[in-house]
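The structure appears right after this line, and notes come after that.
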Amino acid sequence: MDTEAEQRIYLSSPHMSGDEQDYIREAFATNWIAPLGPNVEAFERQVADYVGVQGAVALSSGTAALHLALKYLGVNRGDSVICSSLTFSASANPIIYEGGVPVFIDADPSNWNMSPQALARALEELKKTGKLPKAAIIVDLYGQSASMEPLLELLEHYQVPVIEDAAEALGATYQGKPCGSFGKFGVFSFNGNKIITTSGGGMLVSDNLKALDKVRFWATQARDKARHYQHSEIGYNYRLSNVLAGIGRGQMKVIDERVNTRRAIFDRYYAALNKVDGLDFMPEASYGRSNRWLTTLTLDPEKTGVTVNDVLIALEEHNIEARPVWKPLHLQPVFKDCPYYPHEIGKSVSDELFAKGICLPSGTNMTEAEQDRVIEIVSRLLK
Ligand SMILES: *Cc1c(COP(=O)(O)O)cnc(C)c1O
């Protein structure tokens, strides 16, 4: 192995544009190191304009954004909240913070996002018990929009407000409209592994500026307007710092470039591996354009002769990081008592995707040679 071949390849590592330092330097030069400040405001404006919504609040994480959106929608102890099952645990954890009960919905095999037919069954049943959900969290998985039209129609019919968890989907679209703009609230994450990053951070976006003001208030310790420290509500320390927002400003300049690169990485994997019988890439639904945050595929062990685990181990032996598809939340020990609605009665799509799915390294700073290393190892196993 030469030295280049020994370099670790990560699943999705931060990729700076080079302009971040300018904004950070400015923050230091003006001693604007505290939370809030000009970088925060500019970053919020940039993201809101990019997504095509009225406003945005920069927060310390995507999880914090989900939490305050649920709080704004009035989720209280014992309230049901609909949530996609095939996602990262942070999509559902904030439901628990507010004392709510997640009701998990399976994935649709055609796009791996929330299944409209499973959602319909869930809403019918919840209606019968007289406990319609307080909110619904629709996730855009791996950078692909959920099937918004049928989902939103159902939720509108039952008057359930929607939070779009677009943490993985900045830069993706549904029918030409940006992901994050479909619910009452949209959520983004700028964690280190996301398509752009502030090292850690998140954003809540909405057309409802009054709601965003309330969220901004809660996120800055709920300080009432008074000279002394006065509090009539419980607050949170959830704001993004002006230094980190500077990183975000530099990153937003290259968001479209990052999407194109992620898609090009997908295309190279696709060209090299698509013909393998029993290997299927995550489909891109015709209704939108994915940002292909992670290249994800399924392996049928009977046809390919290998399991996801075989591939993960082989890649790890060559110092390459890959991951199984998210373990569905209805299968997580911590959520084991929560209701779950599979795509079809007796047929859970997300269980199958978890058993057969793998995410390949997809960081935009990967070289073509690094991608070839991944392709070579996977191809060798398949033969
Ligand atoms: C990353 C992620 C989150 C959480 O975002 P953080 O900024 O890490 O708190 C929420 N939902 C999904 C789908 C994610 O991928």
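We name chains A, B, ... following the order of the structure tokens; residues begin at 1 in each chain, and ligands are numbered from 1 as shown.
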
Let's see if you can do this: from backbone DSSP, list all helix (DSSP H, G or I) residues in range 63-297 of chain A, as a ChimeraX atom specification. /A:63-72,89-91,93-97,116-128,141-143,148-157,209-219,242-252,255-273

Residues within 6 Å of ligand 1 (only C-alpha atoms and all ligand atoms), as a PDB file with all heavy atoms, in the first residue's frame?
ATOM      1  N   SER A  61     -27.896  23.876  16.751  1.00  0.00           N
ATOM      2  CA  SER A  61     -27.971  22.573  16.075  1.00  0.00           C
ATOM      3  C   SER A  61     -29.310  22.419  15.367  1.00  0.00           C
ATOM      4  O   SER A  61     -30.273  23.144  15.653  1.00  0.00           O
ATOM      5  CB  SER A  61     -27.814  21.425  17.089  1.00  0.00           C
ATOM      6  OG  SER A  61     -28.924  21.391  17.958  1.00  0.00           O
ATOM      7  N   GLY A  62     -29.362  21.434  14.487  1.00  0.00           N
ATOM      8  CA  GLY A  62     -30.632  21.079  13.871  1.00  0.00           C
ATOM      9  C   GLY A  62     -31.595  20.530  14.905  1.00  0.00           C
ATOM     10  O   GLY A  62     -32.809  20.749  14.828  1.00  0.00           O
ATOM     11  N   THR A  63     -31.058  19.815  15.880  1.00  0.00           N
ATOM     12  CA  THR A  63     -31.886  19.259  16.952  1.00  0.00           C
ATOM     13  C   THR A  63     -32.591  20.380  17.719  1.00  0.00           C
ATOM     14  O   THR A  63     -33.783  20.278  18.029  1.00  0.00           O
ATOM     15  CB  THR A  63     -31.010  18.430  17.919  1.00  0.00           C
ATOM     16  OG1 THR A  63     -30.223  17.518  17.155  1.00  0.00           O
ATOM     17  CG2 THR A  63     -31.841  17.670  18.915  1.00  0.00           C
ATOM     18  N   THR A  87     -34.652   7.327   9.756  1.00  0.00           N
ATOM     19  CA  THR A  87     -33.940   8.597   9.912  1.00  0.00           C
ATOM     20  C   THR A  87     -33.008   8.500  11.103  1.00  0.00           C
ATOM     21  O   THR A  87     -32.970   7.486  11.809  1.00  0.00           O
ATOM     22  CB  THR A  87     -34.939   9.765  10.097  1.00  0.00           C
ATOM     23  OG1 THR A  87     -34.215  10.998  10.211  1.00  0.00           O
ATOM     24  CG2 THR A  87     -35.788   9.599  11.354  1.00  0.00           C
ATOM     25  N   PHE A  88     -32.267   9.567  11.333  1.00  0.00           N
ATOM     26  CA  PHE A  88     -31.387   9.686  12.486  1.00  0.00           C
ATOM     27  C   PHE A  88     -32.240   9.970  13.737  1.00  0.00           C
ATOM     28  O   PHE A  88     -33.271  10.635  13.643  1.00  0.00           O
ATOM     29  CB  PHE A  88     -30.410  10.835  12.214  1.00  0.00           C
ATOM     30  CG  PHE A  88     -29.409  11.085  13.296  1.00  0.00           C
ATOM     31  CD1 PHE A  88     -28.701  10.040  13.878  1.00  0.00           C
ATOM     32  CD2 PHE A  88     -29.148  12.381  13.714  1.00  0.00           C
ATOM     33  CE1 PHE A  88     -27.759  10.301  14.868  1.00  0.00           C
ATOM     34  CE2 PHE A  88     -28.207  12.640  14.701  1.00  0.00           C
ATOM     35  CZ  PHE A  88     -27.518  11.594  15.279  1.00  0.00           C
ATOM     36  N   ALA A  90     -32.062  12.025  16.008  1.00  0.00           N
ATOM     37  CA  ALA A  90     -32.312  13.437  16.336  1.00  0.00           C
ATOM     38  C   ALA A  90     -33.618  13.946  15.736  1.00  0.00           C
ATOM     39  O   ALA A  90     -34.145  14.963  16.191  1.00  0.00           O
ATOM     40  CB  ALA A  90     -31.153  14.308  15.853  1.00  0.00           C
ATOM     41  N   SER A  91     -34.153  13.270  14.715  1.00  0.00           N
ATOM     42  CA  SER A  91     -35.457  13.674  14.172  1.00  0.00           C
ATOM     43  C   SER A  91     -36.548  13.527  15.229  1.00  0.00           C
ATOM     44  O   SER A  91     -37.508  14.292  15.248  1.00  0.00           O
ATOM     45  CB  SER A  91     -35.837  12.820  12.956  1.00  0.00           C
ATOM     46  OG  SER A  91     -34.939  13.011  11.897  1.00  0.00           O
ATOM     47  N   VAL A 139     -39.164  13.834   7.124  1.00  0.00           N
ATOM     48  CA  VAL A 139     -37.717  13.884   6.861  1.00  0.00           C
ATOM     49  C   VAL A 139     -37.454  13.767   5.354  1.00  0.00           C
ATOM     50  O   VAL A 139     -38.136  13.008   4.662  1.00  0.00           O
ATOM     51  CB  VAL A 139     -37.005  12.738   7.614  1.00  0.00           C
ATOM     52  CG1 VAL A 139     -35.510  12.715   7.291  1.00  0.00           C
ATOM     53  CG2 VAL A 139     -37.237  12.867   9.114  1.00  0.00           C
ATOM     54  N   ASP A 165     -38.011  18.175   8.230  1.00  0.00           N
ATOM     55  CA  ASP A 165     -36.636  17.937   8.684  1.00  0.00           C
ATOM     56  C   ASP A 165     -35.767  17.777   7.441  1.00  0.00           C
ATOM     57  O   ASP A 165     -35.582  16.682   6.915  1.00  0.00           O
ATOM     58  CB  ASP A 165     -36.575  16.696   9.576  1.00  0.00           C
ATOM     59  CG  ASP A 165     -35.162  16.417  10.091  1.00  0.00           C
ATOM     60  OD1 ASP A 165     -34.213  17.105   9.639  1.00  0.00           O
ATOM     61  OD2 ASP A 165     -35.007  15.514  10.927  1.00  0.00           O
ATOM     62  N   ALA A 167     -32.605  18.479   7.346  1.00  0.00           N
ATOM     63  CA  ALA A 167     -31.225  18.538   7.863  1.00  0.00           C
ATOM     64  C   ALA A 167     -30.214  18.015   6.844  1.00  0.00           C
ATOM     65  O   ALA A 167     -29.083  18.495   6.775  1.00  0.00           O
ATOM     66  CB  ALA A 167     -31.126  17.736   9.160  1.00  0.00           C
ATOM     67  N   GLU A 168     -30.657  17.028   6.046  1.00  0.00           N
ATOM     68  CA  GLU A 168     -29.742  16.411   5.074  1.00  0.00           C
ATOM     69  C   GLU A 168     -29.977  16.941   3.667  1.00  0.00           C
ATOM     70  O   GLU A 168     -29.327  16.476   2.725  1.00  0.00           O
ATOM     71  CB  GLU A 168     -29.961  14.880   5.089  1.00  0.00           C
ATOM     72  CG  GLU A 168     -29.745  14.266   6.456  1.00  0.00           C
ATOM     73  CD  GLU A 168     -30.199  12.807   6.576  1.00  0.00           C
ATOM     74  OE1 GLU A 168     -30.650  12.227   5.564  1.00  0.00           O
ATOM     75  OE2 GLU A 168     -30.091  12.254   7.692  1.00  0.00           O
ATOM     76  N   SER A 189     -29.393  21.374   9.281  1.00  0.00           N
ATOM     77  CA  SER A 189     -28.277  21.117  10.192  1.00  0.00           C
ATOM     78  C   SER A 189     -26.973  21.482   9.487  1.00  0.00           C
ATOM     79  O   SER A 189     -26.811  21.222   8.289  1.00  0.00           O
ATOM     80  CB  SER A 189     -28.245  19.635  10.573  1.00  0.00           C
ATOM     81  OG  SER A 189     -27.011  19.319  11.183  1.00  0.00           O
ATOM     82  N   PHE A 190     -26.058  22.062  10.262  1.00  0.00           N
ATOM     83  CA  PHE A 190     -24.710  22.351   9.749  1.00  0.00           C
ATOM     84  C   PHE A 190     -23.680  21.608  10.575  1.00  0.00           C
ATOM     85  O   PHE A 190     -22.590  22.091  10.846  1.00  0.00           O
ATOM     86  CB  PHE A 190     -24.455  23.866   9.750  1.00  0.00           C
ATOM     87  CG  PHE A 190     -25.558  24.644   9.088  1.00  0.00           C
ATOM     88  CD1 PHE A 190     -26.350  25.516   9.817  1.00  0.00           C
ATOM     89  CD2 PHE A 190     -25.839  24.469   7.742  1.00  0.00           C
ATOM     90  CE1 PHE A 190     -27.391  26.209   9.220  1.00  0.00           C
ATOM     91  CE2 PHE A 190     -26.882  25.148   7.133  1.00  0.00           C
ATOM     92  CZ  PHE A 190     -27.656  26.026   7.870  1.00  0.00           C
ATOM     93  N   ASN A 191     -24.075  20.394  10.990  1.00  0.00           N
ATOM     94  CA  ASN A 191     -23.143  19.511  11.678  1.00  0.00           C
ATOM     95  C   ASN A 191     -21.994  19.162  10.712  1.00  0.00           C
ATOM     96  O   ASN A 191     -22.133  19.302   9.500  1.00  0.00           O
ATOM     97  CB  ASN A 191     -23.908  18.253  12.110  1.00  0.00           C
ATOM     98  CG  ASN A 191     -23.124  17.411  13.088  1.00  0.00           C
ATOM     99  OD1 ASN A 191     -22.334  17.943  13.876  1.00  0.00           O
ATOM    100  ND2 ASN A 191     -23.329  16.111  13.048  1.00  0.00           N
ATOM    101  N   GLY A 201     -24.146  23.370  14.125  1.00  0.00           N
ATOM    102  CA  GLY A 201     -25.110  24.461  14.014  1.00  0.00           C
ATOM    103  C   GLY A 201     -26.361  23.994  13.322  1.00  0.00           C
ATOM    104  O   GLY A 201     -26.421  22.863  12.820  1.00  0.00           O
ATOM    105  N   GLY A 202     -27.367  24.852  13.332  1.00  0.00           N
ATOM    106  CA  GLY A 202     -28.619  24.501  12.687  1.00  0.00           C
ATOM    107  C   GLY A 202     -29.401  25.747  12.351  1.00  0.00           C
ATOM    108  O   GLY A 202     -28.983  26.868  12.699  1.00  0.00           O
TER     109      GLY A 202
END

Check the smallest atom-to-atom distance from each of A:Ile313, A:Ser348, A:Pro133, A:Phe266 to Leu360 in chain A using only C-alpha atoms, then report the winner. A:Phe266

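For Thr220 in chain A, the set of protein, DNA and RNA residues having any atom at most 8 Å away, when counting only C-alpha atoms and skipping those fewer than 3 positions along the same chain, is Arg216, Phe217, Arg223, Gly235, Tyr236, Asn237, Tyr238 and Arg239 of chain A.
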
Okay, now the selection with C-alpha atoms, as an mmCIF file, in the first residue's frame?
data_model
loop_
_atom_site.group_PDB
_atom_site.id
_atom_site.type_symbol
_atom_site.label_atom_id
_atom_site.label_comp_id
_atom_site.auth_asym_id
_atom_site.auth_seq_id
_atom_site.Cartn_x
_atom_site.Cartn_y
_atom_site.Cartn_z
ATOM 1 C CA ARG A 216 -35.430 33.557 18.753
ATOM 2 C CA PHE A 217 -36.679 34.709 22.175
ATOM 3 C CA ARG A 223 -35.261 37.391 28.396
ATOM 4 C CA GLY A 235 -35.578 29.756 27.973
ATOM 5 C CA TYR A 236 -32.843 27.884 26.162
ATOM 6 C CA ASN A 237 -29.278 28.728 25.209
ATOM 7 C CA TYR A 238 -29.628 27.629 21.612
ATOM 8 C CA ARG A 239 -28.224 30.471 19.476
#

All residues 10 Å or closer to range 69-80 of chain A, only C-alpha atoms, same chain fewer than 4 positions away omitted, as a PyMOL selection string: chain A and resi 63-65+94-103+126+131-137+160-163+184-187+204-206+211-212+214-215+218+338-339

Written file, previous selection with N, CA, C and O atoms, as a compact mmCIF listing (two decimals), in the first residue's frame:
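Written file, out34.txt:
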# COMPACT_ATOMS: atom_id res chain seq x y z
N THR A 63 -31.06 19.81 15.88
CA THR A 63 -31.89 19.26 16.95
C THR A 63 -32.59 20.38 17.72
O THR A 63 -33.78 20.28 18.03
N ALA A 64 -31.86 21.45 18.01
CA ALA A 64 -32.44 22.60 18.71
C ALA A 64 -33.56 23.22 17.87
O ALA A 64 -34.60 23.64 18.39
N ALA A 65 -33.36 23.26 16.56
CA ALA A 65 -34.37 23.82 15.66
C ALA A 65 -35.65 22.98 15.71
O ALA A 65 -36.77 23.52 15.81
N PRO A 94 -36.39 15.32 20.01
CA PRO A 94 -37.05 16.51 20.57
C PRO A 94 -38.54 16.31 20.88
O PRO A 94 -39.10 17.04 21.69
N ILE A 95 -39.17 15.30 20.25
CA ILE A 95 -40.56 14.99 20.60
C ILE A 95 -40.59 14.58 22.07
O ILE A 95 -41.46 15.00 22.84
N ILE A 96 -39.62 13.76 22.46
CA ILE A 96 -39.53 13.28 23.84
C ILE A 96 -39.19 14.43 24.80
O ILE A 96 -39.71 14.49 25.91
N TYR A 97 -38.32 15.36 24.34
CA TYR A 97 -37.98 16.51 25.22
C TYR A 97 -39.26 17.22 25.70
O TYR A 97 -39.31 17.73 26.81
N GLU A 98 -40.25 17.28 24.79
CA GLU A 98 -41.49 18.00 25.12
C GLU A 98 -42.55 17.07 25.73
O GLU A 98 -43.70 17.48 25.91
N GLY A 99 -42.18 15.81 25.98
CA GLY A 99 -43.11 14.88 26.60
C GLY A 99 -44.07 14.23 25.62
O GLY A 99 -45.02 13.56 26.02
N GLY A 100 -43.82 14.42 24.32
CA GLY A 100 -44.71 13.86 23.30
C GLY A 100 -44.44 12.38 23.04
O GLY A 100 -43.48 11.81 23.57
N VAL A 101 -45.30 11.79 22.23
CA VAL A 101 -45.17 10.37 21.87
C VAL A 101 -44.97 10.28 20.36
O VAL A 101 -45.87 10.61 19.59
N PRO A 102 -43.79 9.83 19.91
CA PRO A 102 -43.59 9.67 18.47
C PRO A 102 -44.47 8.56 17.91
O PRO A 102 -44.62 7.51 18.54
N VAL A 103 -45.06 8.83 16.76
CA VAL A 103 -45.79 7.80 16.02
C VAL A 103 -45.02 7.62 14.71
O VAL A 103 -44.99 8.52 13.87
N LEU A 126 -55.56 7.36 14.49
CA LEU A 126 -55.42 8.37 15.54
C LEU A 126 -56.71 9.18 15.66
O LEU A 126 -57.13 9.55 16.75
N LYS A 131 -57.31 11.26 19.18
CA LYS A 131 -56.02 11.86 19.53
C LYS A 131 -55.20 12.18 18.28
O LYS A 131 -54.15 11.59 18.05
N LEU A 132 -55.68 13.11 17.50
CA LEU A 132 -54.93 13.50 16.31
C LEU A 132 -53.58 14.09 16.72
O LEU A 132 -53.48 14.74 17.76
N PRO A 133 -52.54 13.87 15.91
CA PRO A 133 -51.21 14.36 16.30
C PRO A 133 -51.14 15.89 16.31
O PRO A 133 -51.84 16.56 15.56
N LYS A 134 -50.28 16.41 17.16
CA LYS A 134 -50.06 17.86 17.28
C LYS A 134 -49.19 18.38 16.15
O LYS A 134 -49.20 19.58 15.84
N ALA A 135 -48.37 17.51 15.58
CA ALA A 135 -47.44 17.92 14.52
C ALA A 135 -46.96 16.68 13.78
O ALA A 135 -47.16 15.55 14.26
N ALA A 136 -46.36 16.93 12.61
CA ALA A 136 -45.76 15.83 11.84
C ALA A 136 -44.37 16.27 11.38
O ALA A 136 -44.21 17.37 10.86
N ILE A 137 -43.40 15.40 11.62
CA ILE A 137 -42.02 15.68 11.17
C ILE A 137 -41.76 14.80 9.95
O ILE A 137 -41.70 13.57 10.04
N VAL A 160 -52.97 18.89 10.56
CA VAL A 160 -51.76 18.63 11.37
C VAL A 160 -50.62 19.47 10.79
O VAL A 160 -50.26 19.30 9.63
N PRO A 161 -50.05 20.40 11.57
CA PRO A 161 -48.96 21.23 11.05
C PRO A 161 -47.68 20.41 10.82
O PRO A 161 -47.39 19.48 11.55
N VAL A 162 -46.93 20.81 9.79
CA VAL A 162 -45.78 20.03 9.34
C VAL A 162 -44.46 20.74 9.65
O VAL A 162 -44.32 21.95 9.44
N ILE A 163 -43.52 19.97 10.17
CA ILE A 163 -42.13 20.42 10.28
C ILE A 163 -41.34 19.58 9.28
O ILE A 163 -41.38 18.35 9.33
N LYS A 184 -44.77 24.27 7.97
CA LYS A 184 -44.85 25.53 8.74
C LYS A 184 -43.43 25.95 9.10
O LYS A 184 -43.13 27.14 9.17
N PHE A 185 -42.58 24.94 9.34
CA PHE A 185 -41.18 25.17 9.65
C PHE A 185 -40.31 24.21 8.83
O PHE A 185 -40.72 23.09 8.56
N GLY A 186 -39.12 24.68 8.50
CA GLY A 186 -38.11 23.81 7.91
C GLY A 186 -36.87 23.83 8.80
O GLY A 186 -36.57 24.85 9.42
N VAL A 187 -36.20 22.68 8.85
CA VAL A 187 -35.03 22.55 9.73
C VAL A 187 -33.81 22.16 8.90
O VAL A 187 -33.89 21.27 8.05
N LEU A 204 -33.65 27.20 11.75
CA LEU A 204 -35.08 27.01 11.60
C LEU A 204 -35.56 28.07 10.62
O LEU A 204 -35.26 29.26 10.78
N VAL A 205 -36.29 27.66 9.59
CA VAL A 205 -36.79 28.62 8.59
C VAL A 205 -38.31 28.56 8.55
O VAL A 205 -38.92 27.52 8.87
N SER A 206 -38.91 29.68 8.14
CA SER A 206 -40.37 29.74 8.09
C SER A 206 -40.82 31.01 7.36
O SER A 206 -40.05 31.97 7.24
N ALA A 211 -43.60 33.71 14.48
CA ALA A 211 -43.17 32.44 15.10
C ALA A 211 -41.65 32.42 15.26
O ALA A 211 -41.14 32.00 16.30
N LEU A 212 -40.95 32.91 14.26
CA LEU A 212 -39.49 32.91 14.34
C LEU A 212 -39.01 33.85 15.45
O LEU A 212 -38.02 33.56 16.12
N LYS A 214 -40.57 34.42 18.21
CA LYS A 214 -40.80 33.69 19.47
C LYS A 214 -39.67 32.67 19.69
O LYS A 214 -39.16 32.54 20.80
N VAL A 215 -39.30 31.98 18.63
CA VAL A 215 -38.23 30.98 18.73
C VAL A 215 -36.90 31.65 19.08
O VAL A 215 -36.14 31.15 19.93
N TRP A 218 -36.99 32.37 22.80
CA TRP A 218 -36.72 31.17 23.62
C TRP A 218 -35.24 30.78 23.53
O TRP A 218 -34.65 30.33 24.51
N CYS A 338 -43.17 2.87 21.10
CA CYS A 338 -43.91 3.85 20.29
C CYS A 338 -44.67 3.15 19.17
O CYS A 338 -44.20 2.16 18.61
N PRO A 339 -45.85 3.68 18.81
CA PRO A 339 -46.59 3.08 17.69
C PRO A 339 -45.83 3.20 16.37
O PRO A 339 -45.05 4.14 16.19

Non-local contacts of range 8-15 of chain A (8 Å; only C-alpha atoms; under 3 positions in same chain excluded) as a PyMOL selection string: chain A and resi 192-194+196-197+199+294+319-323+359-366+370

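Among A:Trp32, A:Phe188, A:Phe43, A:Tyr287, the residue with the shortest atom-to-atom distance to Glu164 in chain A, counting only C-alpha atoms, is A:Phe188.
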
Skip range 249-251 of chain A itself and residues of its chain fewer than 5 positions away, then list as a PDB file with N, CA, C and O atoms, in the first residue's frame all residues within 10 Å of it, counting only C-alpha atoms.
ATOM      1  N   HIS A  15     -15.791  20.362   4.295  1.00  0.00           N
ATOM      2  CA  HIS A  15     -15.093  20.825   3.088  1.00  0.00           C
ATOM      3  C   HIS A  15     -15.236  22.347   3.001  1.00  0.00           C
ATOM      4  O   HIS A  15     -16.293  22.852   2.615  1.00  0.00           O
ATOM      5  N   MET A  16     -14.187  23.035   3.407  1.00  0.00           N
ATOM      6  CA  MET A  16     -14.247  24.506   3.442  1.00  0.00           C
ATOM      7  C   MET A  16     -14.080  25.096   2.042  1.00  0.00           C
ATOM      8  O   MET A  16     -13.414  24.505   1.186  1.00  0.00           O
ATOM      9  N   SER A  17     -14.665  26.261   1.836  1.00  0.00           N
ATOM     10  CA  SER A  17     -14.558  26.925   0.532  1.00  0.00           C
ATOM     11  C   SER A  17     -13.292  27.770   0.453  1.00  0.00           C
ATOM     12  O   SER A  17     -12.794  28.057  -0.629  1.00  0.00           O
ATOM     13  N   GLY A  18     -12.791  28.178   1.616  1.00  0.00           N
ATOM     14  CA  GLY A  18     -11.638  29.075   1.653  1.00  0.00           C
ATOM     15  C   GLY A  18     -12.014  30.490   2.055  1.00  0.00           C
ATOM     16  O   GLY A  18     -11.180  31.263   2.519  1.00  0.00           O
ATOM     17  N   ASP A  19     -13.288  30.828   1.880  1.00  0.00           N
ATOM     18  CA  ASP A  19     -13.737  32.190   2.232  1.00  0.00           C
ATOM     19  C   ASP A  19     -14.177  32.310   3.693  1.00  0.00           C
ATOM     20  O   ASP A  19     -14.400  33.418   4.179  1.00  0.00           O
ATOM     21  N   GLU A  20     -14.297  31.169   4.369  1.00  0.00           N
ATOM     22  CA  GLU A  20     -14.781  31.206   5.755  1.00  0.00           C
ATOM     23  C   GLU A  20     -13.896  32.086   6.626  1.00  0.00           C
ATOM     24  O   GLU A  20     -14.371  32.838   7.471  1.00  0.00           O
ATOM     25  N   GLN A  21     -12.576  31.966   6.395  1.00  0.00           N
ATOM     26  CA  GLN A  21     -11.610  32.704   7.238  1.00  0.00           C
ATOM     27  C   GLN A  21     -11.853  34.205   7.208  1.00  0.00           C
ATOM     28  O   GLN A  21     -11.649  34.879   8.208  1.00  0.00           O
ATOM     29  N   ASP A  22     -12.283  34.730   6.056  1.00  0.00           N
ATOM     30  CA  ASP A  22     -12.515  36.183   5.951  1.00  0.00           C
ATOM     31  C   ASP A  22     -13.575  36.630   6.953  1.00  0.00           C
ATOM     32  O   ASP A  22     -13.420  37.649   7.620  1.00  0.00           O
ATOM     33  N   TYR A  23     -14.647  35.865   7.026  1.00  0.00           N
ATOM     34  CA  TYR A  23     -15.747  36.245   7.919  1.00  0.00           C
ATOM     35  C   TYR A  23     -15.356  36.029   9.384  1.00  0.00           C
ATOM     36  O   TYR A  23     -15.763  36.793  10.261  1.00  0.00           O
ATOM     37  N   ILE A  24     -14.577  34.986   9.626  1.00  0.00           N
ATOM     38  CA  ILE A  24     -14.129  34.728  11.002  1.00  0.00           C
ATOM     39  C   ILE A  24     -13.180  35.851  11.430  1.00  0.00           C
ATOM     40  O   ILE A  24     -13.284  36.396  12.530  1.00  0.00           O
ATOM     41  N   ASN A  39     -22.542  38.390  11.374  1.00  0.00           N
ATOM     42  CA  ASN A  39     -22.460  37.134  10.617  1.00  0.00           C
ATOM     43  C   ASN A  39     -23.740  36.315  10.783  1.00  0.00           C
ATOM     44  O   ASN A  39     -24.209  35.683   9.829  1.00  0.00           O
ATOM     45  N   VAL A  40     -24.296  36.330  11.984  1.00  0.00           N
ATOM     46  CA  VAL A  40     -25.518  35.557  12.245  1.00  0.00           C
ATOM     47  C   VAL A  40     -26.647  36.100  11.369  1.00  0.00           C
ATOM     48  O   VAL A  40     -27.338  35.339  10.678  1.00  0.00           O
ATOM     49  N   ALA A  42     -26.471  37.887   8.626  1.00  0.00           N
ATOM     50  CA  ALA A  42     -26.209  37.686   7.191  1.00  0.00           C
ATOM     51  C   ALA A  42     -26.423  36.219   6.798  1.00  0.00           C
ATOM     52  O   ALA A  42     -26.980  35.931   5.728  1.00  0.00           O
ATOM     53  N   PHE A  43     -25.993  35.318   7.658  1.00  0.00           N
ATOM     54  CA  PHE A  43     -26.148  33.880   7.386  1.00  0.00           C
ATOM     55  C   PHE A  43     -27.634  33.508   7.342  1.00  0.00           C
ATOM     56  O   PHE A  43     -28.089  32.774   6.458  1.00  0.00           O
ATOM     57  N   GLU A  44     -28.395  34.061   8.285  1.00  0.00           N
ATOM     58  CA  GLU A  44     -29.840  33.790   8.298  1.00  0.00           C
ATOM     59  C   GLU A  44     -30.498  34.285   7.005  1.00  0.00           C
ATOM     60  O   GLU A  44     -31.323  33.599   6.399  1.00  0.00           O
ATOM     61  N   ARG A  45     -30.114  35.481   6.584  1.00  0.00           N
ATOM     62  CA  ARG A  45     -30.682  36.072   5.358  1.00  0.00           C
ATOM     63  C   ARG A  45     -30.336  35.205   4.151  1.00  0.00           C
ATOM     64  O   ARG A  45     -31.179  34.929   3.288  1.00  0.00           O
ATOM     65  N   GLN A  46     -29.063  34.797   4.094  1.00  0.00           N
ATOM     66  CA  GLN A  46     -28.582  33.968   2.978  1.00  0.00           C
ATOM     67  C   GLN A  46     -29.397  32.678   2.852  1.00  0.00           C
ATOM     68  O   GLN A  46     -29.827  32.312   1.762  1.00  0.00           O
ATOM     69  N   VAL A  47     -29.586  31.992   3.977  1.00  0.00           N
ATOM     70  CA  VAL A  47     -30.290  30.707   3.938  1.00  0.00           C
ATOM     71  C   VAL A  47     -31.774  30.936   3.610  1.00  0.00           C
ATOM     72  O   VAL A  47     -32.344  30.231   2.773  1.00  0.00           O
ATOM     73  N   PHE A 190     -26.058  22.062  10.262  1.00  0.00           N
ATOM     74  CA  PHE A 190     -24.710  22.351   9.749  1.00  0.00           C
ATOM     75  C   PHE A 190     -23.680  21.608  10.575  1.00  0.00           C
ATOM     76  O   PHE A 190     -22.590  22.091  10.846  1.00  0.00           O
ATOM     77  N   ILE A 195     -23.980  18.548   4.219  1.00  0.00           N
ATOM     78  CA  ILE A 195     -23.478  18.997   2.907  1.00  0.00           C
ATOM     79  C   ILE A 195     -22.711  20.312   3.022  1.00  0.00           C
ATOM     80  O   ILE A 195     -21.738  20.525   2.306  1.00  0.00           O
ATOM     81  N   ILE A 196     -23.134  21.198   3.926  1.00  0.00           N
ATOM     82  CA  ILE A 196     -22.274  22.311   4.353  1.00  0.00           C
ATOM     83  C   ILE A 196     -22.270  22.316   5.874  1.00  0.00           C
ATOM     84  O   ILE A 196     -23.194  21.785   6.502  1.00  0.00           O
ATOM     85  N   THR A 197     -21.250  22.905   6.457  1.00  0.00           N
ATOM     86  CA  THR A 197     -21.121  22.818   7.908  1.00  0.00           C
ATOM     87  C   THR A 197     -20.611  24.124   8.514  1.00  0.00           C
ATOM     88  O   THR A 197     -19.913  24.898   7.859  1.00  0.00           O
ATOM     89  N   THR A 198     -21.002  24.347   9.778  1.00  0.00           N
ATOM     90  CA  THR A 198     -20.414  25.433  10.565  1.00  0.00           C
ATOM     91  C   THR A 198     -19.624  24.821  11.727  1.00  0.00           C
ATOM     92  O   THR A 198     -19.411  25.479  12.734  1.00  0.00           O
ATOM     93  N   LEU A 244     -19.144  31.072  14.306  1.00  0.00           N
ATOM     94  CA  LEU A 244     -19.569  29.909  13.518  1.00  0.00           C
ATOM     95  C   LEU A 244     -20.460  30.327  12.347  1.00  0.00           C
ATOM     96  O   LEU A 244     -20.390  29.729  11.262  1.00  0.00           O
ATOM     97  N   ARG A 258     -21.405  22.313  -4.180  1.00  0.00           N
ATOM     98  CA  ARG A 258     -21.342  21.102  -3.355  1.00  0.00           C
ATOM     99  C   ARG A 258     -22.407  20.086  -3.798  1.00  0.00           C
ATOM    100  O   ARG A 258     -22.153  18.883  -3.829  1.00  0.00           O
TER     101      ARG A 258
END

Per DSSP on the backbone, filter range 72-191 of chain A down to the residues in strand (DSSP E or B) and report them as a PyMOL selection string. chain A and resi 80-84+101-105+107+114+135-139+162-165+173-174+177-178+185-189

Residue contacts of Thr296 in chain A (9 Å, only C-alpha atoms) excluding same-chain residues fewer than 5 positions away, as a PyMOL selection string: chain A and resi 142+266+280-282+324-325+357-360

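If you measure from each of A:Val311, A:Leu151, A:Ala245, A:Ala285 to Glu376 in chain A using only C-alpha atoms, the closest one turns out to be A:Val311.
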